[in-house]
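So this one's data_23.cif, mmCIF, C-alpha atoms:
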data_query
loop_
_atom_site.group_PDB
_atom_site.id
_atom_site.type_symbol
_atom_site.label_atom_id
_atom_site.label_comp_id
_atom_site.auth_asym_id
_atom_site.auth_seq_id
_atom_site.Cartn_x
_atom_site.Cartn_y
_atom_site.Cartn_z
ATOM 1 C CA MET A 1 -6.022 -8.355 7.119
ATOM 2 C CA VAL A 2 -8.564 -10.547 5.332
ATOM 3 C CA THR A 3 -10.562 -8.433 2.879
ATOM 4 C CA SER A 4 -13.879 -8.986 1.150
ATOM 5 C CA ALA A 5 -12.046 -9.405 -2.153
ATOM 6 C CA HIS A 6 -9.834 -12.073 -0.583
ATOM 7 C CA GLU A 7 -12.886 -13.976 0.629
ATOM 8 C CA GLY A 8 -14.691 -13.656 -2.678
ATOM 9 C CA MET A 9 -11.765 -14.946 -4.721
ATOM 10 C CA HIS A 10 -11.860 -18.341 -2.995
ATOM 11 C CA ARG A 11 -15.393 -18.704 -1.597
ATOM 12 C CA ILE A 12 -16.933 -18.581 -5.063
ATOM 13 C CA PHE A 13 -15.440 -22.044 -5.623
ATOM 14 C CA GLN A 14 -17.509 -23.335 -2.693
ATOM 15 C CA GLU A 15 -20.703 -21.497 -3.531
ATOM 16 C CA ARG A 16 -20.593 -21.807 -7.342
ATOM 17 C CA PRO A 17 -18.760 -25.042 -8.195
ATOM 18 C CA GLU A 18 -19.732 -24.687 -11.868
ATOM 19 C CA ILE A 19 -16.753 -22.348 -12.054
ATOM 20 C CA LEU A 20 -14.325 -25.268 -11.786
ATOM 21 C CA THR A 21 -14.700 -26.604 -15.328
ATOM 22 C CA PRO A 22 -13.869 -23.305 -17.123
ATOM 23 C CA VAL A 23 -11.059 -22.483 -14.677
ATOM 24 C CA PHE A 24 -9.518 -25.925 -15.122
ATOM 25 C CA GLY A 25 -9.937 -25.473 -18.872
ATOM 26 C CA VAL A 26 -7.900 -22.259 -18.710
ATOM 27 C CA LEU A 27 -5.227 -24.140 -16.773
ATOM 28 C CA GLY A 28 -5.164 -26.984 -19.306
ATOM 29 C CA ILE A 29 -6.492 -29.631 -16.907
ATOM 30 C CA ALA A 30 -9.381 -31.897 -17.914
ATOM 31 C CA LEU A 31 -12.263 -32.205 -15.468
ATOM 32 C CA PRO A 32 -15.144 -34.650 -16.106
ATOM 33 C CA GLU A 33 -18.451 -32.909 -16.728
ATOM 34 C CA LYS A 34 -20.267 -34.827 -13.988
ATOM 35 C CA ALA A 35 -17.694 -34.284 -11.263
ATOM 36 C CA THR A 36 -19.090 -33.733 -7.769
ATOM 37 C CA VAL A 37 -17.749 -30.980 -5.546
ATOM 38 C CA ASP A 38 -17.920 -31.080 -1.751
ATOM 39 C CA ALA A 39 -16.481 -28.528 0.644
ATOM 40 C CA ILE A 40 -14.596 -30.029 3.570
ATOM 41 C CA ALA A 41 -13.058 -28.605 6.722
ATOM 42 C CA THR A 42 -10.208 -26.216 6.056
ATOM 43 C CA ASP A 43 -8.463 -26.773 9.391
ATOM 44 C CA VAL A 44 -5.143 -28.560 8.820
ATOM 45 C CA THR A 45 -3.889 -28.038 12.361
ATOM 46 C CA GLU A 46 -2.110 -30.955 13.996
ATOM 47 C CA THR A 47 -1.509 -29.309 17.349
ATOM 48 C CA ARG A 48 -3.669 -26.530 18.717
ATOM 49 C CA PRO A 49 -0.932 -24.000 19.609
ATOM 50 C CA LEU A 50 -0.296 -23.372 15.899
ATOM 51 C CA GLU A 51 -3.420 -22.927 13.821
ATOM 52 C CA ARG A 52 -3.260 -23.500 10.083
ATOM 53 C CA ARG A 53 -6.202 -22.980 7.769
ATOM 54 C CA ILE A 54 -6.588 -23.218 4.015
ATOM 55 C CA ASP A 55 -8.895 -20.649 2.441
ATOM 56 C CA THR A 56 -11.106 -23.225 0.695
ATOM 57 C CA LEU A 57 -10.776 -27.001 0.517
ATOM 58 C CA LEU A 58 -12.849 -29.095 -1.896
ATOM 59 C CA ARG A 59 -13.121 -32.797 -2.593
ATOM 60 C CA ILE A 60 -13.639 -33.413 -6.299
ATOM 61 C CA GLY A 61 -15.398 -36.669 -7.084
ATOM 62 C CA THR A 62 -14.859 -37.702 -10.711
ATOM 63 C CA SER A 63 -16.766 -40.195 -12.840
ATOM 64 C CA ASP A 64 -13.562 -42.122 -13.561
ATOM 65 C CA GLY A 65 -12.956 -42.698 -9.855
ATOM 66 C CA ASP A 66 -9.803 -40.579 -9.669
ATOM 67 C CA ASP A 67 -10.990 -38.339 -6.834
ATOM 68 C CA PHE A 68 -8.700 -35.603 -5.590
ATOM 69 C CA LEU A 69 -8.576 -32.646 -3.214
ATOM 70 C CA LEU A 70 -8.387 -29.059 -4.398
ATOM 71 C CA ALA A 71 -6.977 -26.498 -1.979
ATOM 72 C CA VAL A 72 -7.788 -22.924 -3.062
ATOM 73 C CA GLU A 73 -5.781 -20.004 -1.742
ATOM 74 C CA ALA A 74 -6.457 -16.326 -2.521
ATOM 75 C CA GLN A 75 -3.211 -14.394 -2.618
ATOM 76 C CA GLU A 76 -3.066 -10.593 -2.693
ATOM 77 C CA ARG A 77 0.720 -10.163 -2.542
ATOM 78 C CA ARG A 78 4.020 -12.014 -2.310
ATOM 79 C CA ASP A 79 4.547 -13.745 1.017
ATOM 80 C CA ALA A 80 7.760 -15.668 1.636
ATOM 81 C CA LYS A 81 6.069 -17.765 4.347
ATOM 82 C CA LYS A 82 3.605 -19.238 1.848
ATOM 83 C CA ALA A 83 6.239 -21.486 0.258
ATOM 84 C CA SER A 84 6.469 -23.593 3.414
ATOM 85 C CA SER A 85 2.756 -23.253 4.251
ATOM 86 C CA TRP A 86 1.659 -24.541 0.853
ATOM 87 C CA ALA A 87 4.088 -27.441 0.973
ATOM 88 C CA TYR A 88 2.732 -28.335 4.415
ATOM 89 C CA TYR A 89 -0.897 -28.165 3.248
ATOM 90 C CA ILE A 90 -0.291 -30.558 0.370
ATOM 91 C CA ALA A 91 1.707 -33.086 2.396
ATOM 92 C CA HIS A 92 -0.692 -33.000 5.344
ATOM 93 C CA LEU A 93 -3.832 -33.343 3.249
ATOM 94 C CA GLN A 94 -2.439 -36.217 1.221
ATOM 95 C CA ALA A 95 -1.459 -38.060 4.396
ATOM 96 C CA LYS A 96 -4.793 -37.355 6.119
ATOM 97 C CA TYR A 97 -7.182 -38.203 3.274
ATOM 98 C CA GLY A 98 -5.089 -40.565 1.168
ATOM 99 C CA LEU A 99 -5.944 -38.591 -1.968
ATOM 100 C CA PRO A 100 -3.888 -36.624 -4.490
ATOM 101 C CA VAL A 101 -3.870 -32.889 -3.822
ATOM 102 C CA LEU A 102 -3.833 -29.917 -6.175
ATOM 103 C CA LEU A 103 -3.213 -26.374 -4.966
ATOM 104 C CA LEU A 104 -4.894 -23.513 -6.844
ATOM 105 C CA VAL A 105 -3.760 -19.971 -6.065
ATOM 106 C CA VAL A 106 -6.012 -17.154 -7.329
ATOM 107 C CA CYS A 107 -4.556 -13.662 -7.739
ATOM 108 C CA ARG A 108 -5.688 -10.228 -8.890
ATOM 109 C CA ASP A 109 -2.381 -8.858 -10.170
ATOM 110 C CA ARG A 110 0.245 -10.216 -12.548
ATOM 111 C CA PRO A 111 3.382 -9.842 -10.344
ATOM 112 C CA THR A 112 1.767 -11.850 -7.532
ATOM 113 C CA ALA A 113 0.500 -14.474 -9.977
ATOM 114 C CA LYS A 114 3.944 -14.850 -11.547
ATOM 115 C CA TRP A 115 5.538 -15.336 -8.142
ATOM 116 C CA ALA A 116 2.839 -17.745 -6.932
ATOM 117 C CA ALA A 117 3.503 -20.130 -9.836
ATOM 118 C CA GLY A 118 6.760 -21.127 -8.166
ATOM 119 C CA PRO A 119 8.129 -23.719 -8.103
ATOM 120 C CA PHE A 120 8.994 -23.623 -4.397
ATOM 121 C CA ASP A 121 11.758 -25.974 -3.311
ATOM 122 C CA CYS A 122 12.574 -27.539 0.027
ATOM 123 C CA GLY A 123 15.982 -29.153 0.335
ATOM 124 C CA ALA A 124 19.617 -28.759 1.322
ATOM 125 C CA ARG A 125 23.120 -29.499 0.098
ATOM 126 C CA GLY A 126 22.068 -29.383 -3.505
ATOM 127 C CA TRP A 127 19.281 -31.934 -3.031
ATOM 128 C CA THR A 128 15.583 -31.149 -3.447
ATOM 129 C CA ALA A 129 13.447 -33.085 -0.988
ATOM 130 C CA GLN A 130 10.137 -31.533 -2.034
ATOM 131 C CA ARG A 131 9.002 -29.178 -4.779
ATOM 132 C CA THR A 132 5.634 -27.372 -4.870
ATOM 133 C CA TYR A 133 4.004 -26.409 -8.153
ATOM 134 C CA PRO A 134 0.822 -24.371 -7.516
ATOM 135 C CA LEU A 135 -1.751 -23.881 -10.231
ATOM 136 C CA VAL A 136 -2.341 -20.154 -10.647
ATOM 137 C CA ALA A 137 -5.390 -18.306 -11.987
ATOM 138 C CA GLY A 138 -5.122 -14.566 -12.430
ATOM 139 C CA PRO A 139 -5.212 -11.681 -14.904
ATOM 140 C CA GLU A 140 -2.640 -13.359 -17.136
ATOM 141 C CA ASN A 141 -4.743 -16.415 -17.991
ATOM 142 C CA LEU A 142 -8.340 -15.685 -16.987
ATOM 143 C CA PRO A 143 -10.436 -14.440 -19.935
ATOM 144 C CA VAL A 144 -11.550 -10.821 -20.264
ATOM 145 C CA ILE A 145 -15.291 -11.293 -20.836
ATOM 146 C CA THR A 146 -16.876 -8.287 -22.522
ATOM 147 C CA ASP A 147 -19.586 -10.115 -24.471
ATOM 148 C CA PRO A 148 -22.933 -10.436 -22.613
ATOM 149 C CA ARG A 149 -23.751 -13.746 -24.314
ATOM 150 C CA THR A 150 -20.442 -15.242 -23.225
ATOM 151 C CA ALA A 151 -21.007 -13.951 -19.689
ATOM 152 C CA ALA A 152 -24.528 -15.436 -19.626
ATOM 153 C CA ARG A 153 -23.219 -18.922 -20.466
ATOM 154 C CA ASN A 154 -21.305 -19.059 -17.181
ATOM 155 C CA LEU A 155 -22.167 -16.258 -14.784
ATOM 156 C CA ALA A 156 -19.862 -17.596 -12.076
ATOM 157 C CA MET A 157 -16.847 -17.504 -14.381
ATOM 158 C CA ALA A 158 -17.806 -14.044 -15.612
ATOM 159 C CA ALA A 159 -18.088 -12.737 -12.034
ATOM 160 C CA PHE A 160 -14.799 -14.383 -11.060
ATOM 161 C CA SER A 161 -13.063 -12.859 -14.076
ATOM 162 C CA ALA A 162 -14.541 -9.454 -13.246
ATOM 163 C CA LEU A 163 -13.021 -9.694 -9.781
ATOM 164 C CA ALA A 164 -9.677 -10.902 -11.134
ATOM 165 C CA HIS A 165 -9.577 -8.087 -13.710
ATOM 166 C CA ALA A 166 -10.825 -5.392 -11.316
ATOM 167 C CA ARG A 167 -7.642 -3.384 -11.943
ATOM 168 C CA SER A 168 -7.789 -3.794 -15.717
ATOM 169 C CA PRO A 169 -8.535 -0.821 -18.016
ATOM 170 C CA HIS A 170 -11.254 -3.023 -19.505
ATOM 171 C CA ASN A 171 -13.135 -3.423 -16.223
ATOM 172 C CA ARG A 172 -15.937 -1.080 -17.277
ATOM 173 C CA ALA A 173 -16.702 -3.169 -20.365
ATOM 174 C CA ILE A 174 -16.416 -6.366 -18.313
ATOM 175 C CA LEU A 175 -18.897 -5.144 -15.705
ATOM 176 C CA GLU A 176 -21.352 -3.808 -18.280
ATOM 177 C CA ALA A 177 -21.360 -7.152 -20.111
ATOM 178 C CA LEU A 178 -21.969 -8.991 -16.855
ATOM 179 C CA ASP A 179 -24.792 -6.624 -15.924
ATOM 180 C CA GLN A 180 -26.496 -7.240 -19.269
ATOM 181 C CA ALA A 181 -26.169 -10.986 -18.751
ATOM 182 C CA LEU A 182 -27.663 -10.717 -15.263
ATOM 183 C CA GLN A 183 -30.693 -8.861 -16.631
ATOM 184 C CA GLN A 184 -31.719 -12.158 -18.251
ATOM 185 C CA ALA A 185 -31.008 -14.370 -15.218
ATOM 186 C CA ASP A 186 -33.572 -15.453 -12.645
ATOM 187 C CA GLY A 187 -34.002 -13.124 -9.678
ATOM 188 C CA LYS A 188 -32.245 -15.286 -7.101
ATOM 189 C CA THR A 189 -29.186 -15.866 -9.283
ATOM 190 C CA ALA A 190 -28.990 -12.214 -10.317
ATOM 191 C CA ASP A 191 -29.237 -11.042 -6.710
ATOM 192 C CA TYR A 192 -26.402 -13.366 -5.689
ATOM 193 C CA PHE A 193 -23.983 -12.019 -8.299
ATOM 194 C CA TYR A 194 -25.020 -8.376 -7.934
ATOM 195 C CA ASP A 195 -24.380 -8.626 -4.191
ATOM 196 C CA PHE A 196 -21.235 -10.758 -4.646
ATOM 197 C CA LEU A 197 -19.564 -8.112 -6.789
ATOM 198 C CA GLU A 198 -20.820 -5.171 -4.740
ATOM 199 C CA VAL A 199 -19.326 -6.674 -1.572
ATOM 200 C CA ASN A 200 -16.102 -8.029 -3.057
ATOM 201 C CA LEU A 201 -15.228 -5.101 -5.304
ATOM 202 C CA GLY A 202 -15.807 -2.842 -2.309
ATOM 203 C CA ASN A 203 -14.637 0.765 -2.533
ATOM 204 C CA THR A 204 -12.176 0.144 -5.357
ATOM 205 C CA PRO A 205 -12.565 2.076 -8.642
ATOM 206 C CA ALA A 206 -14.163 -1.054 -10.133
ATOM 207 C CA GLY A 207 -16.499 -1.221 -7.136
ATOM 208 C CA GLU A 208 -17.578 2.368 -7.668
ATOM 209 C CA LYS A 209 -18.208 1.637 -11.342
ATOM 210 C CA TRP A 210 -20.301 -1.400 -10.394
ATOM 211 C CA LYS A 211 -22.433 0.684 -8.034
ATOM 212 C CA GLU A 212 -22.835 3.265 -10.780
ATOM 213 C CA ILE A 213 -23.939 0.594 -13.239
ATOM 214 C CA MET A 214 -26.417 -0.782 -10.716
ATOM 215 C CA SER A 215 -27.816 2.714 -10.121
ATOM 216 C CA PHE A 216 -28.174 3.578 -13.798
ATOM 217 C CA VAL A 217 -28.971 0.381 -15.600
ATOM 218 C CA THR A 218 -30.799 -1.970 -13.288
ATOM 219 C CA TYR A 219 -33.376 0.640 -12.289
ATOM 220 C CA PHE A 220 -34.351 1.618 -15.849
ATOM 221 C CA PRO A 221 -38.009 0.794 -16.578
ATOM 222 C CA GLY A 222 -38.857 -2.168 -18.751
ATOM 223 C CA ARG A 223 -36.037 -4.407 -17.570
ATOM 224 C CA GLY A 224 -38.185 -6.487 -15.229
ATOM 225 C CA THR A 225 -35.417 -6.856 -12.658
ATOM 226 C CA VAL A 226 -35.849 -7.352 -8.930
ATOM 227 C CA ARG A 227 -34.258 -3.972 -8.280
ATOM 228 C CA GLU A 228 -36.505 -2.236 -10.799
ATOM 229 C CA THR A 229 -39.586 -3.780 -9.189
ATOM 230 C CA ALA A 230 -38.435 -2.634 -5.779
ATOM 231 C CA TYR A 231 -37.869 0.849 -7.154
ATOM 232 C CA LEU A 232 -41.257 1.103 -8.825
ATOM 233 C CA GLU A 233 -43.027 -0.190 -5.724
ATOM 234 C CA GLY A 234 -41.305 2.391 -3.576
ATOM 235 C CA LYS A 235 -39.398 -0.188 -1.508
ATOM 236 C CA VAL A 236 -35.938 1.220 -2.098
ATOM 237 C CA GLU A 237 -34.438 2.513 1.134
ATOM 238 C CA GLY A 238 -34.153 6.276 1.212
ATOM 239 C CA LYS A 239 -36.804 6.678 -1.484
ATOM 240 C CA VAL A 240 -36.764 10.431 -1.989
ATOM 241 C CA GLU A 241 -33.000 10.822 -1.844
ATOM 242 C CA ASP A 242 -32.454 7.814 -4.118
ATOM 243 C CA ARG A 243 -34.894 9.013 -6.767
ATOM 244 C CA ALA A 244 -33.526 12.544 -6.777
ATOM 245 C CA SER A 245 -29.992 11.182 -7.036
ATOM 246 C CA LEU A 246 -30.953 8.853 -9.891
ATOM 247 C CA ILE A 247 -32.544 11.726 -11.820
ATOM 248 C CA LEU A 248 -29.372 13.791 -11.536
ATOM 249 C CA ARG A 249 -27.207 10.839 -12.535
ATOM 250 C CA VAL A 250 -29.302 10.064 -15.604
ATOM 251 C CA LEU A 251 -29.119 13.671 -16.760
ATOM 252 C CA GLU A 252 -25.360 13.775 -16.177
ATOM 253 C CA LYS A 253 -24.855 10.477 -18.003
ATOM 254 C CA HIS A 254 -26.710 11.898 -21.007
ATOM 255 C CA GLY A 255 -24.430 14.957 -20.966
ATOM 256 C CA ILE A 256 -27.238 17.336 -20.016
ATOM 257 C CA HIS A 257 -26.289 20.560 -18.224
ATOM 258 C CA ILE A 258 -28.066 20.952 -14.878
ATOM 259 C CA SER A 259 -28.477 24.522 -13.710
ATOM 260 C CA GLU A 260 -28.348 25.357 -10.029
ATOM 261 C CA ASP A 261 -32.083 26.141 -10.076
ATOM 262 C CA ALA A 262 -32.909 22.772 -11.672
ATOM 263 C CA ARG A 263 -30.650 20.894 -9.261
ATOM 264 C CA GLU A 264 -32.231 22.647 -6.289
ATOM 265 C CA ARG A 265 -35.731 21.889 -7.552
ATOM 266 C CA ILE A 266 -34.932 18.186 -7.951
ATOM 267 C CA THR A 267 -33.138 17.713 -4.635
ATOM 268 C CA SER A 268 -35.691 19.726 -2.625
ATOM 269 C CA CYS A 269 -38.730 17.862 -3.980
ATOM 270 C CA THR A 270 -40.273 15.512 -1.402
ATOM 271 C CA ASP A 271 -43.163 14.152 -3.475
ATOM 272 C CA LEU A 272 -42.365 10.610 -4.628
ATOM 273 C CA ASP A 273 -44.917 10.604 -7.467
ATOM 274 C CA THR A 274 -43.546 13.830 -8.888
ATOM 275 C CA LEU A 275 -40.004 12.468 -8.666
ATOM 276 C CA SER A 276 -41.153 9.336 -10.498
ATOM 277 C CA VAL A 277 -42.523 11.495 -13.326
ATOM 278 C CA TRP A 278 -39.254 13.436 -13.495
ATOM 279 C CA PHE A 279 -37.223 10.223 -13.506
ATOM 280 C CA ASP A 280 -39.208 8.826 -16.450
ATOM 281 C CA ARG A 281 -38.792 12.103 -18.343
ATOM 282 C CA ALA A 282 -35.062 12.196 -17.597
ATOM 283 C CA LEU A 283 -34.604 9.079 -19.735
ATOM 284 C CA THR A 284 -35.542 11.005 -22.898
ATOM 285 C CA ALA A 285 -34.873 14.625 -21.897
ATOM 286 C CA THR A 286 -32.639 16.856 -24.019
ATOM 287 C CA VAL A 287 -32.474 19.682 -21.469
ATOM 288 C CA ALA A 288 -33.082 19.608 -17.721
ATOM 289 C CA GLU A 289 -36.139 21.835 -18.065
ATOM 290 C CA ASP A 290 -37.935 19.022 -19.943
ATOM 291 C CA LEU A 291 -38.539 17.412 -16.557
ATOM 292 C CA PHE A 292 -40.705 20.243 -15.264
ATOM 293 C CA ALA A 293 -43.067 20.863 -18.166
ATOM 294 C CA GLU A 294 -46.700 21.100 -17.029
ATOM 295 C CA ILE A 295 -46.279 19.212 -13.763
ATOM 296 C CA PRO A 296 -49.653 19.470 -11.958
ATOM 297 C CA GLU A 297 -49.805 20.654 -8.399
ATOM 298 C CA ASN A 298 -51.518 17.504 -7.194
ATOM 299 C CA ALA A 299 -49.330 14.374 -7.093
ATOM 300 C CA GLN A 300 -52.198 12.139 -8.287
ATOM 301 C CA ASP A 301 -52.799 14.492 -11.204
ATOM 302 C CA ALA A 302 -49.107 14.242 -11.975
ATOM 303 C CA GLN A 303 -49.318 10.469 -12.159
ATOM 304 C CA ASP A 304 -52.505 10.621 -14.264
ATOM 305 C CA ALA A 305 -50.829 13.013 -16.677
ATOM 306 C CA GLN A 306 -47.843 10.715 -17.018
ATOM 307 C CA ASP A 307 -50.086 7.694 -17.586
ATOM 308 C CA ALA A 308 -51.943 9.587 -20.291
ATOM 309 C CA GLN A 309 -48.692 10.567 -21.939
ATOM 310 C CA ASP A 310 -47.479 6.934 -21.872
ATOM 311 C CA ALA A 311 -50.734 5.756 -23.438
ATOM 312 C CA SER A 312 -50.452 8.414 -26.144
ATOM 313 C CA ASP A 313 -46.867 7.420 -26.913
ATOM 314 C CA GLN A 314 -47.847 3.752 -27.251
ATOM 315 C CA ALA A 315 -50.724 4.631 -29.575
#

As C-alpha cells, please, write out the structure in this file.
Amino acid sequence: MVTSAHEGMHRIFQERPEILTPVFGVLGIALPEKATVDAIATDVTETRPLERRIDTLLRIGTSDGDDFLLAVEAQERRDAKKASSWAYYIAHLQAKYGLPVLLLVVCRDRPTAKWAAGPFDCGARGWTAQRTYPLVAGPENLPVITDPRTAARNLAMAAFSALAHARSPHNRAILEALDQALQQADGKTADYFYDFLEVNLGNTPAGEKWKEIMSFVTYFPGRGTVRETAYLEGKVEGKVEDRASLILRVLEKHGIHISEDARERITSCTDLDTLSVWFDRALTATVAEDLFAEIPENAQDAQDAQDAQDASDQA
C-alpha cells in the first residue's frame, strides 16, 4: 500500500528541487549551483501488460553540460524484487534518453537503508553481468536539524530530515526547530511545509507531536502567522470546540491543575469572545481560576475589559 509518507519522501524532490544540493552534499556528490531540475514521466513500461513506474524521475541539467537523470525511490522495507526492478529502471532509462542515470533510494529506518545500499548483482556462473549501486539517504546520513537558524536556511531539507527522522528520539526537537523556522517564512511557504508534514507524518507519534506543536505554538498571539490570523478572525473550523480545546491544552502544557468544575466551565462555554479572553489569560495563568476573574456577563463588555487590561499592561 502506498502511504502518505511514501509519497512525501519522493515527491518533495519534484516540488522543492532546492533539496537536491544539500542531499547530494550529504552523499558526497558535487552538484552545480545553477543546475536545472525538470520532472519527467515516470512510466518505464515497454509493453502494457506489465506496468513499471518509478516514484519520481528528474532530469538534472548542469552548467557543465553533463546532464543526467535522477530516479528517486522511497523504500519503507526490504523487498527482494527491487534488485531486479532497479537494475531495469537504470538500463531502460539510459537506453531511452541516452543519459547517465543515478538511482536515489530514500528510507526512514536504518535496516532498510543499509539493505538498499546494495550492491545488487545480476550474473551467473561466477560472472557479474550487471551491478547496481543505489545512492541511499536515510537516518544514518541525513542531518538531525534541531537549530531553527539551520532549518530556516533550507526549509525543504529540514522538512525532509524531519520525515526521515520521524522515528528518532530527537523528533520533538527537530519539529520544534522547524516550526520556529517556519514562523519567519512567508505565508505560502509556511503553509506548504506545515501541510506537507501534517499529511506525511500522519497518525504516527511524530505526526501527533506535529499537530500538538501546531495547536500550541502557531496559534499564540503575536506570531503573525497565517494560522494565528485565521484564529483571531474566527475563521478556524469548529471555533468553539477549538478554542476550548486550546485553552485546556495551554493550561496542561504549563502544568496547571484543571478541576472538574473549571474543565466543565470551559468546555460548556459557547461565547467565542469569552473563550478568547480565557485563552489570552491561559498564556500567563498560574491557576485555572485565573481565567474566570471578573468576566462580565456581556460578551462585548468582556472584550472591552480585556482590551483595557492589555492597554494597562503595555503602559

Expressed in Å to a single decimal, how great is the separation between CA of Glu176 in chain A and CA of Pro148 in chain A?
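Rounded to one decimal, the two atoms are 8.1 Å apart.
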
Using the chain letters and numbers from this file, what does the PyMOL selection byres ((chain A and resi 287) around 12) select? Give the answer as a ChimeraX atom specification.
/A:248,250-252,254-259,262,281-286,288-293

Taking the file as shown, what set of residues would the PyMOL selection byres ((chain A and resi 71) around 8) give back, as a ChimeraX atom specification?
/A:54-58,69-70,72-73,101-104

Could you expand the PyMOL selection byres ((chain A and resi 142) around 8) into the explicit residues it covers here, written as a PyMOL selection string?
chain A and resi 23+26+137-141+143-144+161+164

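Counting from CA of Val199 in chain A, the distance to CA of Pro134 in chain A is 27.5 Å.
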
I'd like to know which of A:Ile174, A:Ala162, A:Ala152, A:Thr21 is closest to Ala190 in chain A, using only C-alpha atoms.
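With only C-alpha atoms as the atom set, the closest residue is A:Ala152.
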
If I take CA of Gly28 in chain A and CA of Thr189 in chain A, how far is one from the other in Å, to one decimal?
28.3 Å

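Remark: for Ala39 in chain A, the closest of the candidate residues A:Arg53, A:Arg11, A:Arg110, A:Lys82 is A:Arg11 (distances computed over only C-alpha atoms).
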